[in-house]
Amino acid sequence: MPSIALFFSTFAHEKEITDKLASSLGLDVVNDVAILHEVNINMSPFTLVDDEREYVQTLSERLVNRNVGSYAVFDGRKALDFIDGDKPDVMVLDLKMPGINGIEVLSKTKKANPNIEVIILTGHGSEADRKTCMELGAFAYLQKPADIENLSETINDAYKKIAVRDANVMGHHGSSMT
């Protein structure tokens, strides 16, 4: 599970506790809001969906070298079956695949599992495709060939978004400090 910590102090007597706790976690407190400079996230492997097997293998190897692991799925139907059971946090999805295309996979994924962050990675997409994907809830839309640093950063950004979302959910259900 991704993790992140944000602290808010509304009472003067909690400020010292909040400051000490935030400092111990590497956070700075400005105007009673803990600011996170660097996120250390426990990233589960993401799902890579693309029908080009050699591309998937090469991309997976390059990302593993950056400590980003992946599960490979080679068509849209298998991707939908996979997320029904595994529910990955992040999916990197090609658009042009035989059978169920990436736009349909994106649409069905976001309807069934809206918290999965989907990054589109395509070599054949149009501006209309980009617009459609973003309207359907894609996290990002990237073109092949992918710059590995940009893709790795985008995947990390997706995990950061998940961590913040999870922290906000925990904050709404969380406990108060005593």
# chains A, B, ... in the order shown; residues from 1 in each chain; ligands from 1
$ select_by_dssp --residues "region 21-156 of chain A" --states "helix (DSSP H, G or I)" --output "NGL selection string"
:A and (21-24 or 53-64 or 76-86 or 102-112 or 127-135 or 148-156)
$ residues_around --residues "Pro114 (chain A)" --least-positions-apart "3" --cutoff "12 Å" --atoms "only C-alpha atoms" --output "list of chain:residue names"
A:Ile83, A:Lys87, A:Pro88, A:Asp89, A:Val90, A:Met91, A:Leu106, A:Ser107, A:Lys108, A:Thr109, A:Lys110, A:Lys111, A:Glu117, A:Val118, A:Leu136, A:Gly137, A:Ala138, A:Phe139, A:Ile162
$ write_last_selection --atoms "N, CA and C atoms" --output "PDB file, in the first residue's frame"
ATOM      1  N   ILE A  83      -7.539  -7.334 -13.889  1.00  0.00           N
ATOM      2  CA  ILE A  83      -7.895  -6.331 -12.877  1.00  0.00           C
ATOM      3  C   ILE A  83      -9.102  -6.736 -12.054  1.00  0.00           C
ATOM      4  N   LYS A  87      -6.602  -6.152  -9.086  1.00  0.00           N
ATOM      5  CA  LYS A  87      -6.813  -4.739  -8.776  1.00  0.00           C
ATOM      6  C   LYS A  87      -5.499  -3.978  -8.571  1.00  0.00           C
ATOM      7  N   PRO A  88      -4.728  -3.815  -9.638  1.00  0.00           N
ATOM      8  CA  PRO A  88      -3.475  -3.051  -9.521  1.00  0.00           C
ATOM      9  C   PRO A  88      -3.778  -1.586  -9.219  1.00  0.00           C
ATOM     10  N   ASP A  89      -2.797  -0.874  -8.666  1.00  0.00           N
ATOM     11  CA  ASP A  89      -2.958   0.554  -8.409  1.00  0.00           C
ATOM     12  C   ASP A  89      -2.792   1.359  -9.685  1.00  0.00           C
ATOM     13  N   VAL A  90      -1.860   0.911 -10.554  1.00  0.00           N
ATOM     14  CA  VAL A  90      -1.521   1.655 -11.768  1.00  0.00           C
ATOM     15  C   VAL A  90      -1.490   0.704 -12.955  1.00  0.00           C
ATOM     16  N   MET A  91      -1.993   1.204 -14.098  1.00  0.00           N
ATOM     17  CA  MET A  91      -1.960   0.449 -15.350  1.00  0.00           C
ATOM     18  C   MET A  91      -1.369   1.342 -16.431  1.00  0.00           C
ATOM     19  N   LEU A 106      -9.866   1.191 -20.932  1.00  0.00           N
ATOM     20  CA  LEU A 106      -9.853   2.340 -20.023  1.00  0.00           C
ATOM     21  C   LEU A 106     -11.255   2.611 -19.486  1.00  0.00           C
ATOM     22  N   SER A 107     -12.226   2.679 -20.370  1.00  0.00           N
ATOM     23  CA  SER A 107     -13.598   2.969 -19.967  1.00  0.00           C
ATOM     24  C   SER A 107     -14.118   1.932 -18.969  1.00  0.00           C
ATOM     25  N   LYS A 108     -13.939   0.666 -19.280  1.00  0.00           N
ATOM     26  CA  LYS A 108     -14.428  -0.400 -18.397  1.00  0.00           C
ATOM     27  C   LYS A 108     -13.655  -0.434 -17.078  1.00  0.00           C
ATOM     28  N   THR A 109     -12.355  -0.155 -17.143  1.00  0.00           N
ATOM     29  CA  THR A 109     -11.538  -0.146 -15.927  1.00  0.00           C
ATOM     30  C   THR A 109     -12.005   0.951 -14.984  1.00  0.00           C
ATOM     31  N   LYS A 110     -12.180   2.160 -15.505  1.00  0.00           N
ATOM     32  CA  LYS A 110     -12.568   3.293 -14.654  1.00  0.00           C
ATOM     33  C   LYS A 110     -13.986   3.124 -14.108  1.00  0.00           C
ATOM     34  N   LYS A 111     -14.874   2.458 -14.860  1.00  0.00           N
ATOM     35  CA  LYS A 111     -16.229   2.209 -14.349  1.00  0.00           C
ATOM     36  C   LYS A 111     -16.203   1.190 -13.213  1.00  0.00           C
ATOM     37  N   GLU A 117      -5.173   4.104 -11.462  1.00  0.00           N
ATOM     38  CA  GLU A 117      -4.639   5.190 -12.287  1.00  0.00           C
ATOM     39  C   GLU A 117      -4.130   4.585 -13.596  1.00  0.00           C
ATOM     40  N   VAL A 118      -4.663   5.057 -14.709  1.00  0.00           N
ATOM     41  CA  VAL A 118      -4.340   4.504 -16.026  1.00  0.00           C
ATOM     42  C   VAL A 118      -3.524   5.515 -16.815  1.00  0.00           C
ATOM     43  N   LEU A 136     -12.195  10.186 -20.044  1.00  0.00           N
ATOM     44  CA  LEU A 136     -12.567   8.923 -19.391  1.00  0.00           C
ATOM     45  C   LEU A 136     -11.826   8.713 -18.071  1.00  0.00           C
ATOM     46  N   GLY A 137     -10.880   9.591 -17.763  1.00  0.00           N
ATOM     47  CA  GLY A 137     -10.209   9.505 -16.471  1.00  0.00           C
ATOM     48  C   GLY A 137      -8.775   9.007 -16.505  1.00  0.00           C
ATOM     49  N   ALA A 138      -8.142   9.004 -17.679  1.00  0.00           N
ATOM     50  CA  ALA A 138      -6.734   8.600 -17.737  1.00  0.00           C
ATOM     51  C   ALA A 138      -5.892   9.562 -16.894  1.00  0.00           C
ATOM     52  N   PHE A 139      -4.876   9.033 -16.256  1.00  0.00           N
ATOM     53  CA  PHE A 139      -3.963   9.854 -15.458  1.00  0.00           C
ATOM     54  C   PHE A 139      -3.044  10.658 -16.371  1.00  0.00           C
ATOM     55  N   ILE A 162      -2.033   8.339  -5.642  1.00  0.00           N
ATOM     56  CA  ILE A 162      -2.715   7.298  -4.870  1.00  0.00           C
ATOM     57  C   ILE A 162      -2.400   7.451  -3.388  1.00  0.00           C
TER      58      ILE A 162
END
$ atom_distance --atom1 "CA of Val64 (chain A)" --atom2 "CA of Asp157 (chain A)"
16.7 Å
$ residues_around --residues "Asp86 (chain A)" --least-positions-apart "2" --cutoff "12 Å" --atoms "only C-alpha atoms" --output "ChimeraX atom specification"
/A:44-47,71,78-84,88-91,113,116
